[in-house]
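Have a look at work-v8.cif below; it lists mmCIF, C-alpha atoms.
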```cif
data_protein
#
loop_
_atom_site.group_PDB
_atom_site.id
_atom_site.type_symbol
_atom_site.label_atom_id
_atom_site.label_comp_id
_atom_site.auth_asym_id
_atom_site.auth_seq_id
_atom_site.Cartn_x
_atom_site.Cartn_y
_atom_site.Cartn_z
ATOM 1 C CA MET H 1 -22.554 20.799 8.000
ATOM 2 C CA GLY H 2 -23.626 22.518 11.210
ATOM 3 C CA PRO H 3 -21.463 24.786 13.305
ATOM 4 C CA THR H 4 -20.875 22.061 15.927
ATOM 5 C CA ALA H 5 -19.928 19.374 13.418
ATOM 6 C CA GLU H 6 -16.556 17.754 13.953
ATOM 7 C CA PRO H 7 -13.869 18.600 11.429
ATOM 8 C CA SER H 8 -13.409 16.038 8.689
ATOM 9 C CA ASP H 9 -10.358 13.795 8.523
ATOM 10 C CA GLU H 10 -9.260 15.682 5.437
ATOM 11 C CA SER H 11 -9.455 19.097 7.076
ATOM 12 C CA LEU H 12 -7.538 17.813 10.108
ATOM 13 C CA PHE H 13 -4.802 16.365 7.952
ATOM 14 C CA ALA H 14 -4.633 19.499 5.834
ATOM 15 C CA ALA H 15 -4.262 21.498 9.047
ATOM 16 C CA TYR H 16 -1.448 19.201 10.140
ATOM 17 C CA CYS H 17 0.303 19.618 6.833
ATOM 18 C CA GLY H 18 0.037 23.336 7.517
ATOM 19 C CA GLY H 19 1.853 22.918 10.835
ATOM 20 C CA ASP H 20 -0.969 22.236 13.297
ATOM 21 C CA VAL H 21 0.333 19.271 15.328
ATOM 22 C CA ALA H 22 -2.778 19.219 17.534
ATOM 23 C CA ALA H 23 -4.855 18.384 14.454
ATOM 24 C CA PHE H 24 -2.756 15.278 13.894
ATOM 25 C CA GLU H 25 -3.364 14.196 17.482
ATOM 26 C CA VAL H 26 -7.125 14.578 17.027
ATOM 27 C CA LEU H 27 -6.950 12.577 13.818
ATOM 28 C CA PHE H 28 -4.858 9.862 15.438
ATOM 29 C CA ARG H 29 -7.161 9.531 18.434
ATOM 30 C CA ARG H 30 -10.074 9.228 16.024
ATOM 31 C CA TYR H 31 -8.414 6.296 14.274
ATOM 32 C CA GLN H 32 -6.467 4.430 16.916
ATOM 33 C CA GLY H 33 -9.494 2.491 18.197
ATOM 34 C CA PRO H 34 -11.100 1.303 14.927
ATOM 35 C CA LEU H 35 -7.783 0.741 13.169
ATOM 36 C CA GLY H 36 -6.342 -1.075 16.175
ATOM 37 C CA ARG H 37 -9.353 -3.367 16.429
ATOM 38 C CA HIS H 38 -9.209 -4.099 12.710
ATOM 39 C CA LEU H 39 -5.499 -4.929 12.783
ATOM 40 C CA ASP H 40 -5.946 -6.936 15.958
ATOM 41 C CA ARG H 41 -8.568 -9.066 14.216
ATOM 42 C CA MET H 42 -6.421 -9.485 11.143
ATOM 43 C CA LEU H 43 -3.222 -10.427 12.999
ATOM 44 C CA ASN H 44 -4.723 -11.825 16.203
ATOM 45 C CA ASP H 45 -2.029 -10.009 18.134
ATOM 46 C CA GLN H 46 -2.906 -6.854 20.049
ATOM 47 C CA ALA H 47 0.685 -5.779 20.707
ATOM 48 C CA THR H 48 1.618 -6.014 17.027
ATOM 49 C CA ALA H 49 -1.630 -4.286 16.061
ATOM 50 C CA GLU H 50 -0.733 -1.369 18.348
ATOM 51 C CA GLU H 51 2.742 -1.156 16.839
ATOM 52 C CA LEU H 52 1.243 -1.051 13.366
ATOM 53 C CA VAL H 53 -1.232 1.681 14.305
ATOM 54 C CA VAL H 54 1.686 3.857 15.404
ATOM 55 C CA GLU H 55 3.724 2.879 12.357
ATOM 56 C CA THR H 56 0.797 3.647 10.036
ATOM 57 C CA PHE H 57 0.558 7.192 11.312
ATOM 58 C CA ALA H 58 4.325 7.586 11.299
ATOM 59 C CA ARG H 59 4.207 6.704 7.587
ATOM 60 C CA LEU H 60 1.324 9.105 7.114
ATOM 61 C CA HIS H 61 3.494 11.788 8.648
ATOM 62 C CA THR H 62 6.454 10.856 6.453
ATOM 63 C CA HIS H 63 4.377 10.974 3.275
ATOM 64 C CA ARG H 64 2.267 14.001 4.200
ATOM 65 C CA GLY H 65 3.725 15.841 1.240
ATOM 66 C CA ARG H 66 1.747 13.545 -1.058
ATOM 67 C CA PHE H 67 -1.555 14.707 0.334
ATOM 68 C CA TYR H 68 -3.533 16.902 -1.979
ATOM 69 C CA PRO H 69 -6.863 18.690 -1.489
ATOM 70 C CA GLY H 70 -9.752 16.369 -2.251
ATOM 71 C CA ALA H 71 -7.876 13.169 -1.385
ATOM 72 C CA ALA H 72 -9.653 10.887 1.080
ATOM 73 C CA VAL H 73 -7.689 10.155 4.240
ATOM 74 C CA ARG H 74 -9.438 7.029 5.513
ATOM 75 C CA PRO H 75 -8.726 4.740 2.530
ATOM 76 C CA TRP H 76 -5.153 6.035 2.566
ATOM 77 C CA VAL H 77 -4.718 5.218 6.256
ATOM 78 C CA TYR H 78 -6.171 1.738 5.862
ATOM 79 C CA SER H 79 -4.134 1.070 2.732
ATOM 80 C CA ILE H 80 -0.914 1.908 4.582
ATOM 81 C CA ALA H 81 -2.018 -0.282 7.487
ATOM 82 C CA ARG H 82 -2.902 -3.091 5.100
ATOM 83 C CA ASN H 83 0.532 -3.046 3.500
ATOM 84 C CA LEU H 84 2.225 -3.026 6.890
ATOM 85 C CA ALA H 85 0.031 -5.886 8.133
ATOM 86 C CA ARG H 86 0.763 -7.963 5.045
ATOM 87 C CA LYS H 87 4.479 -7.448 5.524
ATOM 88 C CA GLN H 88 4.138 -8.381 9.173
ATOM 89 C CA TYR H 89 2.132 -11.455 8.303
ATOM 90 C CA ARG H 90 4.681 -12.591 5.749
ATOM 91 C CA ARG H 91 7.433 -11.973 8.288
ATOM 92 C CA ASP H 92 5.804 -14.037 10.962
ATOM 93 C CA ARG H 93 4.528 -16.877 8.798
ATOM 94 C CA LEU H 94 2.602 -18.187 11.746
ATOM 95 C CA VAL H 95 -0.406 -20.437 11.481
ATOM 96 C CA ARG H 96 -2.648 -18.151 13.444
ATOM 97 C CA TRP H 97 -5.814 -18.459 11.417
ATOM 98 C CA SER H 98 -6.362 -22.161 11.429
ATOM 99 C CA PRO H 99 -9.930 -23.186 10.531
ATOM 100 C CA LEU H 100 -9.266 -26.357 12.480
ATOM 101 C CA GLU H 101 -8.849 -24.314 15.629
ATOM 102 C CA ALA H 102 -12.226 -22.703 15.060
ATOM 103 C CA ALA H 103 -13.913 -26.051 14.545
ATOM 104 C CA GLU H 104 -12.324 -27.468 17.676
ATOM 105 C CA LEU H 105 -13.342 -24.480 19.720
ATOM 106 C CA ARG H 106 -16.903 -24.732 18.597
ATOM 107 C CA ALA H 107 -17.097 -28.436 19.352
ATOM 108 C CA ALA H 108 -15.421 -28.078 22.730
ATOM 109 C CA ARG H 109 -17.388 -25.110 24.019
ATOM 110 C CA PRO H 110 -20.862 -25.117 22.486
ATOM 111 C CA SER H 111 -22.686 -22.714 24.765
ATOM 112 C CA SER H 112 -20.284 -20.892 27.025
ATOM 113 C CA THR H 113 -21.348 -17.338 27.821
ATOM 114 C CA SER H 114 -18.454 -15.874 29.810
ATOM 115 C CA PRO H 115 -17.064 -12.760 28.092
ATOM 116 C CA ALA H 116 -13.626 -14.308 27.692
ATOM 117 C CA GLU H 117 -15.090 -17.402 26.094
ATOM 118 C CA VAL H 118 -17.293 -15.339 23.816
ATOM 119 C CA ALA H 119 -14.286 -13.282 22.727
ATOM 120 C CA HIS H 120 -12.393 -16.493 22.080
ATOM 121 C CA ARG H 121 -15.240 -17.873 19.999
ATOM 122 C CA VAL H 122 -15.517 -14.690 17.972
ATOM 123 C CA THR H 123 -11.772 -14.652 17.343
ATOM 124 C CA ALA H 124 -11.915 -18.251 16.197
ATOM 125 C CA ALA H 125 -14.961 -17.585 14.002
ATOM 126 C CA LEU H 126 -13.231 -14.679 12.266
ATOM 127 C CA ALA H 127 -10.112 -16.811 11.930
ATOM 128 C CA ALA H 128 -12.145 -19.458 10.181
ATOM 129 C CA LEU H 129 -13.078 -17.079 7.352
ATOM 130 C CA PRO H 130 -11.013 -16.999 4.178
ATOM 131 C CA ALA H 131 -8.642 -14.009 4.406
ATOM 132 C CA PRO H 132 -10.469 -11.814 1.825
ATOM 133 C CA GLN H 133 -13.807 -12.347 3.594
ATOM 134 C CA ARG H 134 -12.257 -11.733 6.999
ATOM 135 C CA GLU H 135 -10.659 -8.551 5.755
ATOM 136 C CA ALA H 136 -13.892 -7.248 4.229
ATOM 137 C CA CYS H 137 -15.877 -8.062 7.375
ATOM 138 C CA SER H 138 -13.256 -6.553 9.659
ATOM 139 C CA LEU H 139 -12.989 -3.346 7.635
ATOM 140 C CA ARG H 140 -16.767 -3.023 7.647
ATOM 141 C CA LEU H 141 -17.381 -3.972 11.279
ATOM 142 C CA PHE H 142 -14.361 -2.565 13.094
ATOM 143 C CA GLY H 143 -13.041 0.035 10.665
ATOM 144 C CA GLU H 144 -16.555 1.207 9.739
ATOM 145 C CA LEU H 145 -15.432 1.753 6.162
ATOM 146 C CA THR H 146 -17.973 2.264 3.411
ATOM 147 C CA LEU H 147 -18.261 -0.341 0.672
ATOM 148 C CA GLU H 148 -16.499 2.006 -1.743
ATOM 149 C CA GLU H 149 -13.668 2.554 0.733
ATOM 150 C CA ILE H 150 -13.232 -1.195 1.233
ATOM 151 C CA ALA H 151 -13.057 -1.605 -2.535
ATOM 152 C CA SER H 152 -10.421 1.131 -2.695
ATOM 153 C CA VAL H 153 -8.315 -0.329 0.120
ATOM 154 C CA THR H 154 -8.458 -3.943 -1.039
ATOM 155 C CA GLY H 155 -8.340 -3.263 -4.769
ATOM 156 C CA ALA H 156 -11.478 -5.337 -5.326
ATOM 157 C CA SER H 157 -14.572 -4.335 -7.241
ATOM 158 C CA LEU H 158 -17.669 -3.166 -5.396
ATOM 159 C CA GLY H 159 -19.482 -6.359 -6.373
ATOM 160 C CA THR H 160 -16.649 -8.474 -5.012
ATOM 161 C CA VAL H 161 -16.699 -6.559 -1.736
ATOM 162 C CA LYS H 162 -20.447 -7.146 -1.365
ATOM 163 C CA SER H 163 -19.997 -10.813 -2.154
ATOM 164 C CA ARG H 164 -17.191 -11.191 0.396
ATOM 165 C CA LEU H 165 -19.308 -9.496 3.021
ATOM 166 C CA PHE H 166 -22.311 -11.638 2.244
ATOM 167 C CA TYR H 167 -20.481 -14.957 2.455
ATOM 168 C CA GLY H 168 -18.288 -13.862 5.357
ATOM 169 C CA GLN H 169 -21.216 -12.680 7.449
ATOM 170 C CA ARG H 170 -23.180 -15.810 6.588
ATOM 171 C CA ARG H 171 -20.275 -17.942 7.817
ATOM 172 C CA LEU H 172 -20.074 -15.896 11.017
ATOM 173 C CA ARG H 173 -23.782 -16.525 11.568
ATOM 174 C CA GLU H 174 -23.219 -20.264 11.221
ATOM 175 C CA LEU H 175 -20.254 -20.278 13.578
ATOM 176 C CA LEU H 176 -21.887 -18.067 16.200
ATOM 177 C CA ALA H 177 -25.426 -19.384 15.884
ATOM 178 C CA ASP H 178 -25.644 -20.462 19.507
ATOM 179 C CA MET H 179 -24.323 -17.198 20.930
ATOM 180 C CA ASP H 180 -26.445 -14.674 22.767
ATOM 181 C CA PRO H 181 -25.971 -11.194 21.237
ATOM 182 C CA GLY H 182 -25.873 -9.729 24.735
ATOM 183 C CA SER H 183 -23.089 -12.012 25.912
ATOM 184 C CA GLY H 184 -20.184 -10.495 24.065
ATOM 185 C CA ASP H 185 -19.539 -7.385 26.082
ATOM 186 C CA THR H 186 -15.999 -7.672 27.345
ATOM 187 C CA THR H 187 -15.735 -4.263 28.903
ATOM 188 C CA MET C 1 -29.450 7.544 -0.589
ATOM 189 C CA ASN C 2 -30.738 4.878 -2.943
ATOM 190 C CA ARG C 3 -33.074 2.229 -1.628
ATOM 191 C CA ILE C 4 -31.881 -1.336 -1.124
ATOM 192 C CA ILE C 5 -34.169 -3.030 -3.556
ATOM 193 C CA ASP C 6 -33.997 -5.608 -6.282
ATOM 194 C CA ILE C 7 -36.487 -5.482 -9.105
ATOM 195 C CA ALA C 8 -38.279 -8.813 -9.200
ATOM 196 C CA ARG C 9 -39.234 -10.606 -12.403
ATOM 197 C CA GLY C 10 -42.775 -9.246 -12.323
ATOM 198 C CA GLY C 11 -41.552 -5.671 -11.846
ATOM 199 C CA GLY C 12 -42.235 -5.504 -8.099
ATOM 200 C CA ALA C 13 -39.585 -4.209 -5.743
ATOM 201 C CA THR C 14 -38.182 -6.499 -3.075
ATOM 202 C CA THR C 15 -35.067 -6.878 -0.977
ATOM 203 C CA SER C 16 -32.805 -9.898 -1.118
ATOM 204 C CA CYS C 17 -30.419 -11.202 1.531
ATOM 205 C CA ALA C 18 -27.448 -10.335 -0.680
ATOM 206 C CA ALA C 19 -28.692 -6.757 -1.113
ATOM 207 C CA VAL C 20 -29.320 -6.266 2.595
ATOM 208 C CA SER C 21 -26.192 -8.024 3.866
ATOM 209 C CA PRO C 22 -23.716 -5.131 3.365
ATOM 210 C CA TRP C 23 -25.942 -2.815 5.406
ATOM 211 C CA LEU C 24 -26.528 -5.002 8.447
ATOM 212 C CA ALA C 25 -23.528 -3.613 10.323
ATOM 213 C CA ASP C 26 -24.663 -0.022 9.750
ATOM 214 C CA HIS C 27 -28.174 -0.949 10.840
ATOM 215 C CA LEU C 28 -26.800 -2.569 13.973
ATOM 216 C CA ARG C 29 -24.913 0.610 14.845
ATOM 217 C CA GLY C 30 -27.949 2.749 14.157
ATOM 218 C CA GLN C 31 -26.227 4.473 11.251
ATOM 219 C CA LEU C 32 -28.930 3.840 8.685
ATOM 220 C CA ALA C 33 -31.756 6.275 8.198
ATOM 221 C CA GLY C 34 -34.823 6.808 6.081
ATOM 222 C CA SER C 35 -35.775 4.413 3.327
ATOM 223 C CA HIS C 36 -32.494 2.566 3.650
ATOM 224 C CA ALA C 37 -33.244 1.644 7.252
ATOM 225 C CA ALA C 38 -36.836 0.828 6.358
ATOM 226 C CA ASP C 39 -35.692 -1.598 3.650
ATOM 227 C CA VAL C 40 -33.384 -3.411 6.060
ATOM 228 C CA GLU C 41 -36.030 -3.556 8.789
ATOM 229 C CA GLU C 42 -38.653 -4.813 6.391
ATOM 230 C CA HIS C 43 -36.284 -7.536 5.225
ATOM 231 C CA ILE C 44 -35.054 -8.746 8.609
ATOM 232 C CA GLY C 45 -38.654 -8.710 9.808
ATOM 233 C CA ARG C 46 -39.442 -11.559 7.449
ATOM 234 C CA CYS C 47 -36.007 -13.210 7.000
ATOM 235 C CA VAL C 48 -34.810 -15.390 9.887
ATOM 236 C CA ALA C 49 -31.348 -15.913 8.351
ATOM 237 C CA CYS C 50 -30.616 -12.190 8.099
ATOM 238 C CA ARG C 51 -31.993 -11.624 11.586
ATOM 239 C CA GLU C 52 -29.565 -14.248 12.876
ATOM 240 C CA THR C 53 -26.726 -12.754 10.849
ATOM 241 C CA ARG C 54 -27.437 -9.373 12.386
ATOM 242 C CA ALA C 55 -27.403 -10.964 15.840
ATOM 243 C CA ALA C 56 -24.073 -12.675 15.101
ATOM 244 C CA LEU C 57 -22.592 -9.357 13.994
ATOM 245 C CA GLY C 58 -23.850 -7.916 17.262
ATOM 246 C CA VAL C 59 -21.849 -10.548 19.151
ATOM 247 C CA VAL C 60 -18.747 -9.759 17.074
ATOM 248 C CA LEU C 61 -19.078 -6.012 17.615
ATOM 249 C CA ALA C 62 -19.679 -6.431 21.336
ATOM 250 C CA THR C 63 -16.317 -8.161 21.723
ATOM 251 C CA ALA C 64 -14.606 -5.175 20.112
ATOM 252 C CA GLY C 65 -15.300 -3.024 23.157
ATOM 253 C CA GLY C 66 -13.064 -2.671 26.137
ATOM 254 C CA GLU C 67 -10.315 -0.304 27.127
ATOM 255 C CA ARG C 68 -7.303 0.046 24.911
ATOM 256 C CA PRO C 69 -4.130 1.946 25.701
ATOM 257 C CA ASP C 70 -3.719 5.452 24.372
ATOM 258 C CA LEU C 71 -1.069 5.183 21.683
ATOM 259 C CA TRP C 72 -0.579 8.906 21.062
ATOM 260 C CA PRO C 73 2.428 9.220 23.441
ATOM 261 C CA ARG C 74 4.181 6.483 21.465
ATOM 262 C CA LEU C 75 3.484 8.201 18.169
ATOM 263 C CA ALA C 76 4.471 11.615 19.533
ATOM 264 C CA LYS C 77 7.774 10.144 20.702
ATOM 265 C CA ARG C 78 8.310 8.542 17.331
ATOM 266 C CA LEU C 79 7.591 11.781 15.474
ATOM 267 C CA ALA C 80 9.942 13.689 17.776
ATOM 268 C CA THR C 81 12.676 11.162 17.006
ATOM 269 C CA GLU C 82 12.115 11.502 13.279
ATOM 270 C CA ALA C 83 12.200 15.274 13.484
ATOM 271 C CA ALA C 84 15.411 15.243 15.523
ATOM 272 C CA PRO C 85 17.882 15.692 12.600
ATOM 273 C CA ASP C 86 16.328 19.075 11.835
ATOM 274 C CA ARG C 87 16.842 20.230 15.376
ATOM 275 C CA LEU C 88 20.320 18.947 16.175
ATOM 276 C CA PRO C 89 22.247 21.581 18.162
ATOM 277 C CA LEU C 90 25.417 23.056 16.680
ATOM 278 C CA PRO C 91 28.560 21.228 17.838
ATOM 279 C CA VAL C 92 30.115 22.745 20.949
ATOM 280 C CA PHE C 93 33.618 24.193 20.432
ATOM 281 C CA ASP C 94 36.129 22.068 22.328
ATOM 282 C CA TRP C 95 39.294 24.173 22.757
ATOM 283 C CA ARG C 96 41.314 21.229 24.098
ATOM 284 C CA ALA C 97 40.682 19.173 20.986
ATOM 285 C CA ALA C 98 41.493 22.196 18.833
ATOM 286 C CA VAL C 99 44.865 22.790 20.583
ATOM 287 C CA ALA C 100 45.750 19.099 20.359
ATOM 288 C CA SER C 101 44.951 19.042 16.638
ATOM 289 C CA ILE C 102 47.083 22.114 15.978
ATOM 290 C CA LEU C 103 49.999 20.642 17.908
ATOM 291 C CA VAL C 104 49.851 17.347 16.071
ATOM 292 C CA LEU C 105 49.775 19.082 12.719
ATOM 293 C CA THR C 106 52.452 21.698 13.365
ATOM 294 C CA LEU C 107 54.929 19.939 15.667
ATOM 295 C CA PRO C 108 56.783 18.082 12.893
ATOM 296 C CA TRP C 109 57.411 21.378 11.134
ATOM 297 C CA LEU C 110 58.567 23.189 14.262
ATOM 298 C CA VAL C 111 60.935 20.543 15.615
ATOM 299 C CA PRO C 112 63.429 19.103 13.035
ATOM 300 C CA GLY C 113 63.806 15.829 14.836
ATOM 301 C CA ALA C 114 60.078 15.316 15.072
ATOM 302 C CA ARG C 115 59.755 16.133 11.384
ATOM 303 C CA TYR C 116 62.328 13.453 10.554
ATOM 304 C CA LEU C 117 60.544 10.918 12.739
ATOM 305 C CA THR C 118 57.173 11.738 11.189
ATOM 306 C CA THR C 119 58.584 11.300 7.677
ATOM 307 C CA LEU C 120 60.102 8.064 8.761
ATOM 308 C CA LEU C 121 56.853 6.830 10.201
ATOM 309 C CA ILE C 122 54.863 7.778 7.135
ATOM 310 C CA PHE C 123 57.193 6.677 4.354
ATOM 311 C CA GLY C 124 59.086 3.976 6.148
ATOM 312 C CA ALA C 125 62.784 3.454 6.442
#
```

As structure tokens, the full file:
Amino acid sequence: MGPTAEPSDESLFAAYCGGDVAAFEVLFRRYQGPLGRHLDRMLNDQATAEELVVETFARLHTHRGRFYPGAAVRPWVYSIARNLARKQYRRDRLVRWSPLEAAELRAARPSSTSPAEVAHRVTAALAALPAPQREACSLRLFGELTLEEIASVTGASLGTVKSRLFYGQRRLRELLADMDPGSGDTT
Amino acid sequence: MNRIIDIARGGGATTSCAAVSPWLADHLRGQLAGSHAADVEEHIGRCVACRETRAALGVVLATAGGERPDLWPRLAKRLATEAAPDRLPLPVFDWRAAVASILVLTLPWLVPGARYLTTLLIFGA
């Protein structure tokens, strides 16, 4: 590691446990984007995703005493978020991930290229995936987790994670086959 | 880093779609290097399906951009609220309440009539 390398998640959290609040802020800002995008894709609700990002780190703070040297922070963070999201999902019991919706969207708008339409298509395509595949793809794409970390968070074997990614990504290819890769920028 | 290869029946090394698939996102983000990147590039150079999958992932990732609100103030507020019990100020001494309490407690014992009334109120007629 070079002298200009950023501190690891683990060293930041260890510093926070030692009383350095600024380290927790750095850690949070590092995670709020990827974790928020992942939760947003899983729940299809940005406001709830933001609430859960805050709640995840509040729980991390509460349970900071359980952290021990050598423990990995990222799987821990995503595991907390996963549990919170599952509770939220059970609470809502909404039919947000209807495959029918995805099919209808694809039939109705075959080649739209406006950013909003592209975002809508992508949301519907992800919604069309079976939940385990969607979760694996979202953790990999938005959370940027390693395969081993996804296995740790989801409790699946490494082979299962690879399989979910393979079939999930293949389905995304089928659903987004007519999309231009340069058309999705919604900034 | 190990190479992404499958050993074919004849002993030759090759890459399959299933072996390359988990690494497409990393390749798209430019996070693969060395032989790993070379394996993926070699594969998508000859595999239309994986090339299209990579393009689809590009569309998905592109929609993840955009400004999002900074959530740190919300978390900081939440943490401050949780920490509040440790920092509660000591109760302020209220002399009026103290005098009133003393009077209520001692009056029945200082004034005989009041004492009788208090006993009556407590134990009934």

Mind checking which residues fall within 10 Å of Leu12 of chain H, counting all atoms listed in the file, ignoring those fewer than 2 positions away in the same chain, and posting them as an mmCIF file with C-alpha atoms, in the coordinates of the input?
```cif
data_model
loop_
_atom_site.group_PDB
_atom_site.id
_atom_site.type_symbol
_atom_site.label_atom_id
_atom_site.label_comp_id
_atom_site.auth_asym_id
_atom_site.auth_seq_id
_atom_site.Cartn_x
_atom_site.Cartn_y
_atom_site.Cartn_z
ATOM 1 C CA GLU H 6 -16.556 17.754 13.953
ATOM 2 C CA PRO H 7 -13.869 18.600 11.429
ATOM 3 C CA SER H 8 -13.409 16.038 8.689
ATOM 4 C CA ASP H 9 -10.358 13.795 8.523
ATOM 5 C CA GLU H 10 -9.260 15.682 5.437
ATOM 6 C CA ALA H 14 -4.633 19.499 5.834
ATOM 7 C CA ALA H 15 -4.262 21.498 9.047
ATOM 8 C CA TYR H 16 -1.448 19.201 10.140
ATOM 9 C CA CYS H 17 0.303 19.618 6.833
ATOM 10 C CA GLY H 18 0.037 23.336 7.517
ATOM 11 C CA ASP H 20 -0.969 22.236 13.297
ATOM 12 C CA VAL H 21 0.333 19.271 15.328
ATOM 13 C CA ALA H 22 -2.778 19.219 17.534
ATOM 14 C CA ALA H 23 -4.855 18.384 14.454
ATOM 15 C CA PHE H 24 -2.756 15.278 13.894
ATOM 16 C CA GLU H 25 -3.364 14.196 17.482
ATOM 17 C CA VAL H 26 -7.125 14.578 17.027
ATOM 18 C CA LEU H 27 -6.950 12.577 13.818
ATOM 19 C CA PHE H 28 -4.858 9.862 15.438
ATOM 20 C CA VAL H 73 -7.689 10.155 4.240
#
```

Translate the PyMOL selection byres ((chain C) within 6 of (chain H)) into a concrete residue list for this structure, as a CSV table (one decimal) with C-alpha atoms, in the frame of the given file.
```
chain,number,residue,atom,x,y,z
C,21,SER,CA,-26.2,-8.0,3.9
C,53,THR,CA,-26.7,-12.8,10.8
C,55,ALA,CA,-27.4,-11.0,15.8
C,56,ALA,CA,-24.1,-12.7,15.1
C,58,GLY,CA,-23.8,-7.9,17.3
C,59,VAL,CA,-21.8,-10.5,19.2
C,60,VAL,CA,-18.7,-9.8,17.1
C,62,ALA,CA,-19.7,-6.4,21.3
C,63,THR,CA,-16.3,-8.2,21.7
C,65,GLY,CA,-15.3,-3.0,23.2
C,66,GLY,CA,-13.1,-2.7,26.1
C,75,LEU,CA,3.5,8.2,18.2
```

For atom CA of Tyr116 of chain C and atom CA of Val99 of chain C, the interatomic separation in Å (one decimal):
22.2 Å

Between atom CA of Gln88 of chain H and atom CA of Glu117 of chain H, distance in Å (one decimal)
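Atom-to-atom, atom CA of Gln88 of chain H to atom CA of Glu117 of chain H, that is 27.2 Å.
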
From C:Leu120, C:Leu71, C:Ile102, C:Ala25, residue lying nearest Ala136 of chain H [only C-alpha atoms]
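Looking only at the distances to Ala136 of chain H, the closest residue turns out to be C:Ala25.
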
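Nearest to Cys50 of chain C of all the residues C:Ser16, C:Gln31, C:Thr106, C:Thr81 is C:Ser16, based on all atoms listed in the file.
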
Would you mind telling me which residue in H:Ala131, H:Leu145, H:Ala5, H:Leu158 lies nearest to Trp76 of chain H when using all atoms listed in the file?
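Smallest separation from Trp76 of chain H among the options: H:Leu145.
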
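Interatomic distance, atom CA of Ala71 of chain H against atom CA of Ala151 of chain H: 15.7 Å.
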
Residue nearest Cys17 of chain C among C:Ala97, C:Cys47, C:Val104, C:Leu117 (counting all atoms listed in the file):
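Smallest distance to Cys17 of chain C is found for C:Cys47.
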
Residue nearest Glu135 of chain H among H:Ala85, H:Arg91, H:Leu52, H:Arg74 (counting all atoms listed in the file):
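Nearest to Glu135 of chain H: H:Ala85.
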
Mind rebuilding segment 67-77 of chain C with N, CA, C and O atoms and writing that out as a short mmCIF file (atom, residue, chain, number, x, y, z; two decimals), in the coordinates of the input?
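The resulting selection-v2.cif:
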```cif
data_model
loop_
_atom_site.label_atom_id
_atom_site.label_comp_id
_atom_site.auth_asym_id
_atom_site.auth_seq_id
_atom_site.Cartn_x
_atom_site.Cartn_y
_atom_site.Cartn_z
N GLU C 67 -11.32 -1.36 27.09
CA GLU C 67 -10.32 -0.30 27.13
C GLU C 67 -9.07 -0.70 26.33
O GLU C 67 -8.64 -1.84 26.36
N ARG C 68 -8.56 0.25 25.62
CA ARG C 68 -7.30 0.05 24.91
C ARG C 68 -6.35 1.18 25.29
O ARG C 68 -6.79 2.28 25.58
N PRO C 69 -5.08 0.89 25.29
CA PRO C 69 -4.13 1.95 25.70
C PRO C 69 -4.13 3.10 24.71
O PRO C 69 -4.37 2.90 23.51
N ASP C 70 -3.85 4.28 25.23
CA ASP C 70 -3.72 5.45 24.37
C ASP C 70 -2.34 5.40 23.72
O ASP C 70 -1.32 5.38 24.40
N LEU C 71 -2.33 5.36 22.40
CA LEU C 71 -1.07 5.18 21.68
C LEU C 71 -0.43 6.50 21.25
O LEU C 71 0.65 6.49 20.68
N TRP C 72 -1.12 7.62 21.51
CA TRP C 72 -0.58 8.91 21.06
C TRP C 72 0.81 9.20 21.63
O TRP C 72 1.70 9.64 20.88
N PRO C 73 1.07 8.95 22.94
CA PRO C 73 2.43 9.22 23.44
C PRO C 73 3.50 8.47 22.65
O PRO C 73 4.59 9.01 22.41
N ARG C 74 3.20 7.26 22.25
CA ARG C 74 4.18 6.48 21.46
C ARG C 74 4.42 7.13 20.11
O ARG C 74 5.55 7.22 19.63
N LEU C 75 3.33 7.56 19.48
CA LEU C 75 3.48 8.20 18.17
C LEU C 75 4.20 9.54 18.30
O LEU C 75 5.08 9.86 17.48
N ALA C 76 3.83 10.30 19.34
CA ALA C 76 4.47 11.62 19.53
C ALA C 76 5.98 11.44 19.73
O ALA C 76 6.77 12.21 19.17
N LYS C 77 6.35 10.42 20.48
CA LYS C 77 7.77 10.14 20.70
C LYS C 77 8.47 9.78 19.39
O LYS C 77 9.57 10.23 19.09
#
```
